[in-house]
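Step one of this worksheet: look at the structure below.
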Amino acid sequence: MIALADKISKSFGGRVLYSQATLQLNAGERWGLVGPNGAGKTTLLRIIMGEEQADEGTVYFARDITIGYLEQETHLAGEKSALAEVVDSATEIKRLEARIAEMEAHIADASEGPAFEALLERYGAAQDRYERLGGYELEARAKQILGGLGFPVADFDKPAKEFSGGWQMRISLAKLLLRHPDLLLLDEPTNHLDLESVRWLESFLAAYDGAVLLVSHDRAFMDACVSHVAALENRRLTTYTGNYASYLKQREDNLEQLKAKRAAQERDIQHIETFIDRFRYKPTKAKQVQERVKRLEKIKSELVVLPEQSKKVHFTFPEPPRTGDMVVSLDDVSKAYGDNLVYEGVSLKLYRGDHVVLVGPNGAGKSTLMKLITGNEATTRGTVELGQNVSRAYYAQHQLETLNAGNTVLAEMDEVAPGWTSSEERQLLGAFLFHGDDVLKRVSVLSGGERARLALAKMLVAPDPLLCLDEPTNHLDIESVDVLEKALETFAGTIVLISHDEHLVRAIANKVIDVRDHTVTVYEGDYDYYLWKRAELEGRAAEEAAAAQPARGAVPEAPAKPAGRNVKTKEQKRAEAEARQAAAKLLKDERKRLKEIEAALEPMRARYDELMGLLASEELYADADSFDKAMREYNALSAKIPALEEEWLELTAVVEEALS
């Protein structure tokens, strides 16, 4: 056991968040903490961290454990660079490093004797611990983590205070991951990451040997890395084994069982009450009536209380104005900021009904491309033209100037929802986490997250035919993301989306635009098609790289099998051969795919091992372009190799079963 939150109760005013909540966190377990907005997820993290007091209950920790906590907001000041911020956060290693240096000075001046021997023993133990904690590779590990979270090498030495809030959150996350605490508490860790960085974090957490407790609205992220789910629902905490998808199924199964038990209890109550009413005044049935009265009281005392079901919000959003087939056209577009070239020679067209997701590493120019499409940035060269009857709406975290600070939340909705009733407006606002008197708040007092949610709700009430959405799911809970997802899935216009939420991307995208290495590539298919094509390209590149290397040696021939004693007839041999040929014909595609996977995996694994060595070397970090390229290749292989290995296992099982 690393930590135990035992019988925790917490209330705010007269509202009970949860009572008697118990959660045990063990090494190697990765917990997702889920529940509707306002259920107290962040509060529970803060109680475990010791930053907030529970009304009742106790939090216990194993001896000498370390805890790390990533909050939703952070601010870095001072003159330290991003790399220095991360390296200096490893305080235990730094203290150990100082103690080792101090002992080395004492050793240099000490004379032989028992005290000297004891000092040498302590020095050796300190060195062993320093090595075990990764002290000798501390800076290399810090650089690897920063690279995995999307920082280009050129930004390692940039002062941390000069980064935007989203990038400062990444620095804070990198500090935590480098410290590698026994208990890692993460509150919405993916909010400021791109898809590639999210995938890197998934693989990092999936292999984490400590305990992890995280809050996230990203379902695909939790499916990929959590092993348990703790659900705060109906003022209780219930635990489940498995990822988020498994939790949903178990919860539904549990609810069906509870409903069935409740229905059976209600039937029993009805039958017993009928018997009591019928024979209450018959002396000959008095004993049976009394027995049934007691039984009725017992059933009622044990009556199953069904959990409150969250209200599902269903809206049919207004159709956008109809446009021409061609919605936006980019012709030979280039974009540069001074000497910094983002991309050049970009030509593409988006059509009515295209639901496009922009993907690629952070800093490659996804948001810039969206701003060019929306007209918020001018091209360096080339043209951006809109089609017939096309108007644009742009949603971004830092572009909320359309909100009137003097309006209430409800008044803001009134301006864009003529014909909607107050009840309809309140229902939609509730889907975006504005409940009760929240709708009467002035915009001027709303937090940044609340303003972002309000702007998103306004956009969906009367949508333009071209919606451009940059990370729209930040500050939403899972149920609100569902509302957004369903609205966008059925949207008849054109969407351009940037999101780290893989579940949303898979649901929405029917076209993918990849932005990287100063180029823009269009994939005419959904997100799974894009991943398949990218993996195919990376596999081909890995094969070509492996083929270019000299052979390490010939493969020895397998020894001949000894002849068996039982001689088979020609008919038996012919029948067996025909059976093998028939099986081989049926499994032709599977065998072909197996060979392709095996051919791709060997060079991929070799290249992965090679990259692991490269990323630990100081020389690589001196060359920013080489590091960024190596990091991208490492991230791609980290995602592709396990997927190919899983496919290989499945195909092998199919072939073996067919031939057995």
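Ordering of the structure tokens sets the chain letters (A, B, ...), residue numbers begin anew at 1 in every chain, and ligands are numbered from 1 in the order given.
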Shell around Asp55 in chain A at 9 Å using only C-alpha atoms, local window under 5 positions removed, as an mmCIF file with N, CA and C atoms, in the first residue's frame:
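Below you can see part.cif, which holds the result:
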```
data_model
loop_
_atom_site.group_PDB
_atom_site.id
_atom_site.type_symbol
_atom_site.label_atom_id
_atom_site.label_comp_id
_atom_site.auth_asym_id
_atom_site.auth_seq_id
_atom_site.Cartn_x
_atom_site.Cartn_y
_atom_site.Cartn_z
ATOM 1 N N ILE A 8 -13.559 8.864 4.031
ATOM 2 C CA ILE A 8 -13.512 10.315 3.859
ATOM 3 C C ILE A 8 -14.917 10.861 3.605
ATOM 4 N N SER A 9 -15.296 11.895 4.353
ATOM 5 C CA SER A 9 -16.554 12.612 4.114
ATOM 6 C C SER A 9 -16.237 14.088 3.901
ATOM 7 N N LYS A 10 -16.979 14.720 2.977
ATOM 8 C CA LYS A 10 -16.724 16.130 2.686
ATOM 9 C C LYS A 10 -18.018 16.803 2.238
ATOM 10 N N SER A 11 -18.286 17.976 2.829
ATOM 11 C CA SER A 11 -19.455 18.772 2.459
ATOM 12 C C SER A 11 -19.041 20.216 2.239
#
```
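Close contacts of Thr190 in chain A, defined as residues with an atom at most 8 Å away when counting only C-alpha atoms, with chain neighbours fewer than 4 positions off set aside, comprise Asp194, Val198, Ser216, Asp218 and His500 of chain A.
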Would you return as an MDAnalysis selection string the members of range 57-259 of chain A that DSSP assigns to helix (DSSP H, G or I) on this structure's backbone? chainID A and resid 82:88 91:109 114:132 135:148 153:155 160:162 165:179 195:206 219:225 244:259
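Distances to Arg129 in chain A were evaluated for A:Ala230, A:His435, A:Leu484, A:Arg95 using only C-alpha atoms, and the minimum falls at A:Arg95.
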Surrounding residues of range 406-417 of chain A excluding itself and chain neighbours under 2 positions, 9 Å, only C-alpha atoms, as a ChimeraX atom specification: /A:403-404,419-422,425-426,429,434,438-444,454,457-459,461-462
Write a file of the just-selected residues containing N, CA, C and O atoms, as a PDB file, in the first residue's frame.
```pdb
ATOM      1  N   LEU A 403     -17.468  38.141 -26.092  1.00  0.00           N
ATOM      2  CA  LEU A 403     -18.325  38.150 -24.910  1.00  0.00           C
ATOM      3  C   LEU A 403     -18.422  39.565 -24.343  1.00  0.00           C
ATOM      4  O   LEU A 403     -17.416  40.265 -24.220  1.00  0.00           O
ATOM      5  N   ASN A 404     -19.629  39.967 -23.965  1.00  0.00           N
ATOM      6  CA  ASN A 404     -19.878  41.291 -23.383  1.00  0.00           C
ATOM      7  C   ASN A 404     -19.751  41.189 -21.866  1.00  0.00           C
ATOM      8  O   ASN A 404     -20.561  40.519 -21.206  1.00  0.00           O
ATOM      9  N   GLY A 419     -35.936  33.169 -30.257  1.00  0.00           N
ATOM     10  CA  GLY A 419     -36.932  32.108 -30.409  1.00  0.00           C
ATOM     11  C   GLY A 419     -36.784  30.984 -29.410  1.00  0.00           C
ATOM     12  O   GLY A 419     -37.693  30.160 -29.263  1.00  0.00           O
ATOM     13  N   TRP A 420     -35.618  30.919 -28.720  1.00  0.00           N
ATOM     14  CA  TRP A 420     -35.445  29.895 -27.691  1.00  0.00           C
ATOM     15  C   TRP A 420     -36.122  30.365 -26.410  1.00  0.00           C
ATOM     16  O   TRP A 420     -36.074  31.547 -26.054  1.00  0.00           O
ATOM     17  N   THR A 421     -36.729  29.435 -25.679  1.00  0.00           N
ATOM     18  CA  THR A 421     -37.289  29.774 -24.373  1.00  0.00           C
ATOM     19  C   THR A 421     -36.169  29.816 -23.336  1.00  0.00           C
ATOM     20  O   THR A 421     -35.080  29.261 -23.547  1.00  0.00           O
ATOM     21  N   SER A 422     -36.432  30.465 -22.212  1.00  0.00           N
ATOM     22  CA  SER A 422     -35.454  30.517 -21.120  1.00  0.00           C
ATOM     23  C   SER A 422     -35.108  29.117 -20.638  1.00  0.00           C
ATOM     24  O   SER A 422     -33.953  28.819 -20.319  1.00  0.00           O
ATOM     25  N   GLU A 425     -32.660  27.548 -23.080  1.00  0.00           N
ATOM     26  CA  GLU A 425     -31.323  28.136 -22.904  1.00  0.00           C
ATOM     27  C   GLU A 425     -30.653  27.593 -21.650  1.00  0.00           C
ATOM     28  O   GLU A 425     -29.455  27.258 -21.663  1.00  0.00           O
ATOM     29  N   ARG A 426     -31.419  27.500 -20.561  1.00  0.00           N
ATOM     30  CA  ARG A 426     -30.861  26.976 -19.309  1.00  0.00           C
ATOM     31  C   ARG A 426     -30.422  25.515 -19.469  1.00  0.00           C
ATOM     32  O   ARG A 426     -29.415  25.091 -18.906  1.00  0.00           O
ATOM     33  N   LEU A 429     -27.149  25.555 -21.365  1.00  0.00           N
ATOM     34  CA  LEU A 429     -26.097  26.068 -20.480  1.00  0.00           C
ATOM     35  C   LEU A 429     -25.734  25.037 -19.413  1.00  0.00           C
ATOM     36  O   LEU A 429     -24.563  24.914 -19.025  1.00  0.00           O
ATOM     37  N   PHE A 434     -23.158  25.289 -16.508  1.00  0.00           N
ATOM     38  CA  PHE A 434     -23.752  26.454 -15.846  1.00  0.00           C
ATOM     39  C   PHE A 434     -25.086  26.018 -15.247  1.00  0.00           C
ATOM     40  O   PHE A 434     -26.062  25.811 -15.977  1.00  0.00           O
ATOM     41  N   ASP A 438     -25.862  30.087 -11.593  1.00  0.00           N
ATOM     42  CA  ASP A 438     -24.669  30.377 -12.410  1.00  0.00           C
ATOM     43  C   ASP A 438     -25.037  31.187 -13.650  1.00  0.00           C
ATOM     44  O   ASP A 438     -24.233  31.987 -14.139  1.00  0.00           O
ATOM     45  N   VAL A 439     -26.257  30.974 -14.172  1.00  0.00           N
ATOM     46  CA  VAL A 439     -26.635  31.648 -15.414  1.00  0.00           C
ATOM     47  C   VAL A 439     -26.876  33.136 -15.196  1.00  0.00           C
ATOM     48  O   VAL A 439     -26.998  33.897 -16.164  1.00  0.00           O
ATOM     49  N   LEU A 440     -26.960  33.569 -13.932  1.00  0.00           N
ATOM     50  CA  LEU A 440     -27.172  34.987 -13.624  1.00  0.00           C
ATOM     51  C   LEU A 440     -25.865  35.715 -13.327  1.00  0.00           C
ATOM     52  O   LEU A 440     -25.863  36.914 -13.057  1.00  0.00           O
ATOM     53  N   LYS A 441     -24.741  34.993 -13.381  1.00  0.00           N
ATOM     54  CA  LYS A 441     -23.438  35.637 -13.166  1.00  0.00           C
ATOM     55  C   LYS A 441     -23.118  36.588 -14.310  1.00  0.00           C
ATOM     56  O   LYS A 441     -23.474  36.329 -15.474  1.00  0.00           O
ATOM     57  N   ARG A 442     -22.416  37.680 -13.992  1.00  0.00           N
ATOM     58  CA  ARG A 442     -21.918  38.580 -15.035  1.00  0.00           C
ATOM     59  C   ARG A 442     -20.707  37.946 -15.715  1.00  0.00           C
ATOM     60  O   ARG A 442     -19.901  37.268 -15.067  1.00  0.00           O
ATOM     61  N   VAL A 443     -20.564  38.176 -16.998  1.00  0.00           N
ATOM     62  CA  VAL A 443     -19.407  37.665 -17.738  1.00  0.00           C
ATOM     63  C   VAL A 443     -18.110  38.183 -17.122  1.00  0.00           C
ATOM     64  O   VAL A 443     -17.096  37.486 -17.089  1.00  0.00           O
ATOM     65  N   SER A 444     -18.154  39.399 -16.591  1.00  0.00           N
ATOM     66  CA  SER A 444     -16.941  40.016 -16.027  1.00  0.00           C
ATOM     67  C   SER A 444     -16.361  39.228 -14.858  1.00  0.00           C
ATOM     68  O   SER A 444     -15.166  39.333 -14.577  1.00  0.00           O
ATOM     69  N   LEU A 454     -18.826  29.208 -22.167  1.00  0.00           N
ATOM     70  CA  LEU A 454     -19.930  30.055 -22.630  1.00  0.00           C
ATOM     71  C   LEU A 454     -19.783  30.364 -24.121  1.00  0.00           C
ATOM     72  O   LEU A 454     -20.763  30.310 -24.879  1.00  0.00           O
ATOM     73  N   ALA A 457     -20.819  27.302 -26.087  1.00  0.00           N
ATOM     74  CA  ALA A 457     -22.275  27.121 -26.110  1.00  0.00           C
ATOM     75  C   ALA A 457     -22.920  28.096 -27.096  1.00  0.00           C
ATOM     76  O   ALA A 457     -23.824  27.729 -27.860  1.00  0.00           O
ATOM     77  N   LYS A 458     -22.467  29.358 -27.087  1.00  0.00           N
ATOM     78  CA  LYS A 458     -23.013  30.360 -28.015  1.00  0.00           C
ATOM     79  C   LYS A 458     -22.781  29.951 -29.470  1.00  0.00           C
ATOM     80  O   LYS A 458     -23.648  30.128 -30.327  1.00  0.00           O
ATOM     81  N   MET A 459     -21.617  29.405 -29.737  1.00  0.00           N
ATOM     82  CA  MET A 459     -21.270  29.037 -31.106  1.00  0.00           C
ATOM     83  C   MET A 459     -22.191  27.935 -31.631  1.00  0.00           C
ATOM     84  O   MET A 459     -22.549  27.908 -32.816  1.00  0.00           O
ATOM     85  N   VAL A 461     -25.334  27.327 -30.717  1.00  0.00           N
ATOM     86  CA  VAL A 461     -26.745  27.705 -30.807  1.00  0.00           C
ATOM     87  C   VAL A 461     -27.097  28.136 -32.224  1.00  0.00           C
ATOM     88  O   VAL A 461     -28.134  27.757 -32.764  1.00  0.00           O
ATOM     89  N   ALA A 462     -26.233  28.928 -32.836  1.00  0.00           N
ATOM     90  CA  ALA A 462     -26.470  29.412 -34.196  1.00  0.00           C
ATOM     91  C   ALA A 462     -25.171  29.260 -34.982  1.00  0.00           C
ATOM     92  O   ALA A 462     -24.451  30.235 -35.203  1.00  0.00           O
TER      93      ALA A 462
END
```
Got a sec: who's within 7 Å of Gln24 in chain A, counting only C-alpha atoms, leaving out chain neighbours fewer than 4 positions off, as a PyMOL selection string? chain A and resi 3-5
Would you export the selected residues with N, CA, C and O atoms as a compact mmCIF listing (two decimals), in the first residue's frame, please?
```
# COMPACT_ATOMS: atom_id res chain seq x y z
N ALA A 3 -0.91 4.53 -0.38
CA ALA A 3 -1.77 5.51 0.31
C ALA A 3 -3.15 4.91 0.51
O ALA A 3 -3.60 4.07 -0.28
N LEU A 4 -3.81 5.35 1.58
CA LEU A 4 -5.17 4.91 1.88
C LEU A 4 -5.99 6.11 2.34
O LEU A 4 -5.67 6.73 3.35
N ALA A 5 -7.01 6.47 1.56
CA ALA A 5 -7.99 7.47 1.99
C ALA A 5 -9.13 6.69 2.63
O ALA A 5 -9.86 5.97 1.93
```
Which residue gives the smallest distance to His475 in chain A among A:Leu17, A:Val342, A:Asn389, A:Pro189, with only C-alpha atoms counted? A:Pro189
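Residues in contact with range 104-106 of chain A at up to 12 Å, not including ones fewer than 6 positions away on its chain and judged by only C-alpha atoms, are Glu97, Ala98, Ala115, Phe116, Ala118, Leu119, Leu120, Arg122, Tyr123, Gly124, Ala126 and Gln127 of chain A.
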Enumerate as a PyMOL selection string all residues of range 311-507 of chain A assigned to strand (DSSP E) by DSSP on the backbone, naming them with the chain letters and numbers the document uses. chain A and resi 326-337+340-351+355-359+381-386+392-395+466-470+494-498
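Across the model, the gap from CA of Ala452 in chain A to CA of Leu45 in chain A is 24.2 Å.
Nearest to Phe432 in chain A of all the residues A:Val304, A:Leu476, A:Leu178, A:Ala546 is A:Leu476, based on only C-alpha atoms.
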May I have the residues within 10 Å of Glu188 in chain A as a list in words, using only C-alpha atoms and disregarding those fewer than 5 positions away in the same chain? Thr42, Leu70, Glu71, Gln72, Glu73, Leu214, Val215, Ser216, His217, Asp218, Asn474 and His475 of chain A
Go ahead and dump the residues you just picked, N, CA, C and O atoms, as a PDB file, in the first residue's frame.
```pdb
ATOM      1  N   THR A  42     -11.486  17.105  -7.801  1.00  0.00           N
ATOM      2  CA  THR A  42     -10.311  17.904  -7.441  1.00  0.00           C
ATOM      3  C   THR A  42     -10.196  18.041  -5.926  1.00  0.00           C
ATOM      4  O   THR A  42      -9.092  18.017  -5.368  1.00  0.00           O
ATOM      5  N   LEU A  70      -0.121  17.546  -9.743  1.00  0.00           N
ATOM      6  CA  LEU A  70      -0.242  18.501 -10.846  1.00  0.00           C
ATOM      7  C   LEU A  70      -1.623  19.120 -10.793  1.00  0.00           C
ATOM      8  O   LEU A  70      -2.633  18.446 -10.987  1.00  0.00           O
ATOM      9  N   GLU A  71      -1.675  20.431 -10.525  1.00  0.00           N
ATOM     10  CA  GLU A  71      -2.947  21.145 -10.474  1.00  0.00           C
ATOM     11  C   GLU A  71      -3.350  21.601 -11.875  1.00  0.00           C
ATOM     12  O   GLU A  71      -2.564  21.533 -12.817  1.00  0.00           O
ATOM     13  N   GLN A  72      -4.595  22.117 -11.982  1.00  0.00           N
ATOM     14  CA  GLN A  72      -5.088  22.578 -13.288  1.00  0.00           C
ATOM     15  C   GLN A  72      -4.459  23.898 -13.701  1.00  0.00           C
ATOM     16  O   GLN A  72      -4.383  24.221 -14.870  1.00  0.00           O
ATOM     17  N   GLU A  73      -4.027  24.682 -12.751  1.00  0.00           N
ATOM     18  CA  GLU A  73      -3.419  25.974 -13.062  1.00  0.00           C
ATOM     19  C   GLU A  73      -2.033  26.043 -12.430  1.00  0.00           C
ATOM     20  O   GLU A  73      -1.803  25.508 -11.349  1.00  0.00           O
ATOM     21  N   LEU A 214      -5.534  10.017 -11.369  1.00  0.00           N
ATOM     22  CA  LEU A 214      -5.691  11.139 -12.297  1.00  0.00           C
ATOM     23  C   LEU A 214      -7.156  11.442 -12.573  1.00  0.00           C
ATOM     24  O   LEU A 214      -8.008  10.561 -12.548  1.00  0.00           O
ATOM     25  N   VAL A 215      -7.414  12.730 -12.812  1.00  0.00           N
ATOM     26  CA  VAL A 215      -8.718  13.209 -13.253  1.00  0.00           C
ATOM     27  C   VAL A 215      -8.565  13.630 -14.709  1.00  0.00           C
ATOM     28  O   VAL A 215      -7.645  14.377 -15.047  1.00  0.00           O
ATOM     29  N   SER A 216      -9.442  13.143 -15.579  1.00  0.00           N
ATOM     30  CA  SER A 216      -9.349  13.515 -16.990  1.00  0.00           C
ATOM     31  C   SER A 216     -10.716  13.391 -17.643  1.00  0.00           C
ATOM     32  O   SER A 216     -11.511  12.517 -17.288  1.00  0.00           O
ATOM     33  N   HIS A 217     -10.978  14.273 -18.621  1.00  0.00           N
ATOM     34  CA  HIS A 217     -12.190  14.158 -19.427  1.00  0.00           C
ATOM     35  C   HIS A 217     -11.915  13.390 -20.708  1.00  0.00           C
ATOM     36  O   HIS A 217     -12.811  13.193 -21.532  1.00  0.00           O
ATOM     37  N   ASP A 218     -10.663  12.957 -20.896  1.00  0.00           N
ATOM     38  CA  ASP A 218     -10.234  12.304 -22.135  1.00  0.00           C
ATOM     39  C   ASP A 218     -10.419  10.796 -21.994  1.00  0.00           C
ATOM     40  O   ASP A 218      -9.623  10.103 -21.368  1.00  0.00           O
ATOM     41  N   ASN A 474     -11.211  21.459 -23.498  1.00  0.00           N
ATOM     42  CA  ASN A 474     -10.631  21.908 -22.232  1.00  0.00           C
ATOM     43  C   ASN A 474     -11.721  22.574 -21.389  1.00  0.00           C
ATOM     44  O   ASN A 474     -12.554  23.318 -21.902  1.00  0.00           O
ATOM     45  N   HIS A 475     -11.704  22.301 -20.104  1.00  0.00           N
ATOM     46  CA  HIS A 475     -12.668  22.868 -19.140  1.00  0.00           C
ATOM     47  C   HIS A 475     -14.056  22.231 -19.223  1.00  0.00           C
ATOM     48  O   HIS A 475     -15.000  22.735 -18.620  1.00  0.00           O
TER      49      HIS A 475
END
```
For Leu205 in chain A: contacts at 9 Å, only C-alpha atoms, fewer than 6 positions along chain excluded, given as a PDB file with all heavy atoms, in the first residue's frame:
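So the final result, stored in out02.pdb, reads:
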```pdb
ATOM      1  N   ARG A  30      -2.899   2.369 -11.644  1.00  0.00           N
ATOM      2  CA  ARG A  30      -3.160   3.676 -12.244  1.00  0.00           C
ATOM      3  C   ARG A  30      -4.672   3.885 -12.219  1.00  0.00           C
ATOM      4  O   ARG A  30      -5.413   3.216 -12.934  1.00  0.00           O
ATOM      5  CB  ARG A  30      -2.598   3.725 -13.667  1.00  0.00           C
ATOM      6  CG  ARG A  30      -1.099   3.499 -13.703  1.00  0.00           C
ATOM      7  CD  ARG A  30      -0.560   3.299 -15.102  1.00  0.00           C
ATOM      8  NE  ARG A  30      -1.188   2.180 -15.798  1.00  0.00           N
ATOM      9  CZ  ARG A  30      -0.884   0.907 -15.595  1.00  0.00           C
ATOM     10  NH1 ARG A  30       0.038   0.571 -14.714  1.00  0.00           N
ATOM     11  NH2 ARG A  30      -1.502  -0.049 -16.265  1.00  0.00           N
ATOM     12  N   VAL A 212      -0.717   5.961  -9.438  1.00  0.00           N
ATOM     13  CA  VAL A 212      -1.189   7.150 -10.158  1.00  0.00           C
ATOM     14  C   VAL A 212      -2.685   7.314  -9.894  1.00  0.00           C
ATOM     15  O   VAL A 212      -3.443   6.344  -9.959  1.00  0.00           O
ATOM     16  CB  VAL A 212      -0.947   7.024 -11.679  1.00  0.00           C
ATOM     17  CG1 VAL A 212      -1.458   8.261 -12.407  1.00  0.00           C
ATOM     18  CG2 VAL A 212       0.530   6.796 -11.980  1.00  0.00           C
ATOM     19  N   CYS A 225      -4.388   4.057 -20.399  1.00  0.00           N
ATOM     20  CA  CYS A 225      -3.392   3.989 -19.326  1.00  0.00           C
ATOM     21  C   CYS A 225      -3.914   3.693 -17.930  1.00  0.00           C
ATOM     22  O   CYS A 225      -3.104   3.422 -17.042  1.00  0.00           O
ATOM     23  CB  CYS A 225      -2.536   5.263 -19.304  1.00  0.00           C
ATOM     24  SG  CYS A 225      -3.412   6.757 -18.859  1.00  0.00           S
ATOM     25  N   VAL A 226      -5.227   3.731 -17.667  1.00  0.00           N
ATOM     26  CA  VAL A 226      -5.651   3.436 -16.302  1.00  0.00           C
ATOM     27  C   VAL A 226      -5.983   1.953 -16.156  1.00  0.00           C
ATOM     28  O   VAL A 226      -6.435   1.301 -17.101  1.00  0.00           O
ATOM     29  CB  VAL A 226      -6.856   4.290 -15.832  1.00  0.00           C
ATOM     30  CG1 VAL A 226      -6.578   5.762 -16.001  1.00  0.00           C
ATOM     31  CG2 VAL A 226      -8.140   3.896 -16.532  1.00  0.00           C
TER      32      VAL A 226
END
```
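If only C-alpha atoms are the atoms counted, then among A:Glu202, A:Gly210, A:Tyr240, A:Asn254 the closest residue to Asp223 in chain A is A:Glu202.
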Counting only C-alpha atoms, the residue among A:Asp182, A:Leu83, A:Ile47, A:Glu121 that lies closest to Ala62 in chain A is A:Asp182
